[in-house]
Structure formats: structure tokens, C-alpha cells
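Participant: This is the structure I want to talk about, given as C-alpha cells.
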Amino acid sequence: MSRTKGGTVTHRRHKKVLDAAKGYYGNRSRNFRTATQAVDKANQYATRDRKARKRQFRALWIQRINAAVRAFDETMTYSRFINGLALAGIEVDRKVLADLAIHEPDAFGAIVQQARAAL
């Protein structure tokens with residue numbers, strides 16, 4: 001029986017890593033060893049930043065809501081607005097509130113009035 005060599009499996013594995021490293025600078029896209037390190041590190045960053053993106057967007061929405069609430073009512077802050085929404089029984093998440101504040105200011109103003117009335 002002839003012996004089996006692992007060349008095709010190794011070649012496929014190397015090609016997969018080098019394809020993932022396409023566009024990297026210098027030998028990071030050409031050498032398998034360096035490309036492996038670069039791709040592994042890139043995957044670590046990608047995994048970490050998928051979580052960070054959610055935090056960053058929530059912070060952005062809160063800033064937008066805060067600015068819009070203060071534009072409608074100078075005395076109301078973000079935290080008092082959220083408290084007023086809870087007391088009024090309005091369950092709208094921050095993403096939708098921020099979108100309303102930008103694209104539908106009249107509707108957002110009505111929500112602010114209801115939150116103020118609940119306080």
C-alpha cells in the first residue's frame with residue numbers, strides 16, 4: 001500500500017489563513033507563520049469589539065436622547081426623562097428614542113411631554 005502524504009490538507013489550511021490575511025502589510029500577508037499570528041490577533045480584536053460596539057452604540061443613543069430632551073425642556077435631564085417614561089408606562093428602548101429624536105422631533109416632543117406629566 002502506498003503511503004499517504006498530508007500535502008493537500010496542509011496546503012488547504014495554509015491557503016485559508018493566507019486568504020484571511022489578504023491585504024495585510026508586508027510579510028503578514030505572504031508568510032504563513034506571520035499571517036497566522038496576524039489573523040489570530042485580528043480575530044481576537046473582532047471578538048472583543050463585537051461586544052464593545054454594543055456599549056458604544058448605547059452610549060451614543062444616551063447622548064442623543066439627553067441632548068434632545070434638554071432641547072425640549074431645559075430643566076429635564078436624561079435620567080429624569082427615563083424615570084418619567086417608566087412612571088408613564090412607556091416602554092421604548094433607547095435606540096428607537098434616539099432615532100425619534102433625530103428624525104421625528106414632534107413625536108419625541110410628545111413623549112417628553114408625557115414623561116414630564118408622569119413626574
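Just remember, in the C-alpha cells the first chain shown is A, the second B, etc., residues are 1-based per chain, and ligands are 1-based in the order shown.
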Quick one: residues within 7 Å of stretch 32-40 of chain A, only C-alpha atoms counted, chain neighbours fewer than 4 positions away excluded, as an mmCIF file with C-alpha atoms, in the first residue's frame?

Facilitator:
```
data_model
loop_
_atom_site.group_PDB
_atom_site.id
_atom_site.type_symbol
_atom_site.label_atom_id
_atom_site.label_comp_id
_atom_site.auth_asym_id
_atom_site.auth_seq_id
_atom_site.Cartn_x
_atom_site.Cartn_y
_atom_site.Cartn_z
ATOM 1 C CA HIS A 14 -2.254 27.494 4.623
ATOM 2 C CA VAL A 17 -5.023 31.567 6.558
ATOM 3 C CA LEU A 18 -3.338 33.459 3.716
ATOM 4 C CA ALA A 20 -7.825 35.710 5.542
ATOM 5 C CA ALA A 21 -4.615 37.795 5.674
ATOM 6 C CA ASN A 27 5.015 39.606 5.055
ATOM 7 C CA ARG A 28 1.910 39.471 7.213
ATOM 8 C CA GLN A 44 -9.227 38.419 18.977
#
```

Participant: Need to verify the contact set: A:Ile62, 10 Å, only C-alpha atoms, exclusion of same-chain residues closer than 4 positions in sequence. Can you return it as a PyMOL selection string?

Facilitator: chain A and resi 56-58+66-68+78-79+94-95+97-98

Participant: Please provide the set of residues having any atom within 10 Å of A:Ile82, restricted to only C-alpha atoms, with same-chain residues fewer than 6 positions apart removed, written as a VMD selection string.

Facilitator: chain A and resid 65 to 66 88 90 to 92 94 112 115

Participant: Mind giving me the straight-line distance from atom CA of A:Phe81 to atom CA of A:Val69 in Å, one decimal?

Facilitator: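 One can read the atom CA of A:Phe81 to atom CA of A:Val69 distance as 7.4 Å.
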
Participant: Write out as a PyMOL selection string the residues lying within 9 Å of A:Arg80, counting only C-alpha atoms and excluding same-chain residues fewer than 4 positions away.

Facilitator: chain A and resi 76+84-85+115-116+119

Participant: Residues of the last selection are to be written out with C-alpha atoms, as a PDB file, in the first residue's frame.

Facilitator:
```
ATOM      1  CA  MET A  76     -35.216  67.887  32.440  1.00  0.00           C
ATOM      2  CA  GLY A  84     -40.698  59.702  33.746  1.00  0.00           C
ATOM      3  CA  LEU A  85     -41.028  57.169  30.925  1.00  0.00           C
ATOM      4  CA  ALA A 115     -42.748  61.812  30.716  1.00  0.00           C
ATOM      5  CA  ARG A 116     -42.889  65.275  32.300  1.00  0.00           C
ATOM      6  CA  LEU A 119     -43.250  63.103  37.052  1.00  0.00           C
TER       7      LEU A 119
END
```

Participant: Tell me, in Å to one decimal, how far atom CA of A:Ala71 is from atom CA of A:Gly109.

Facilitator: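 Going from atom CA of A:Ala71 over to atom CA of A:Gly109 covers 9.6 Å.
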
Participant: One decimal, Å: what's the distance from atom CA of A:Tyr24 over to atom CA of A:Lys41, could you say?

Facilitator: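 Distance between the two atoms: 12.3 Å.
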
Participant: Identify which of the residues A:Gln114, A:Thr4, A:Asn31, A:Asn43 lies closest to A:Asn83, counting only C-alpha atoms when measuring atom-to-atom distances.

Facilitator: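 Result for the nearest residue to A:Asn83: A:Gln114.
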
Participant: Identify all residues of chain A in alpha helix (DSSP H) (DSSP on the backbone) and supply them as a PyMOL selection string.

Facilitator: chain A and resi 7-20+32-72+78-88+94-103+105-118
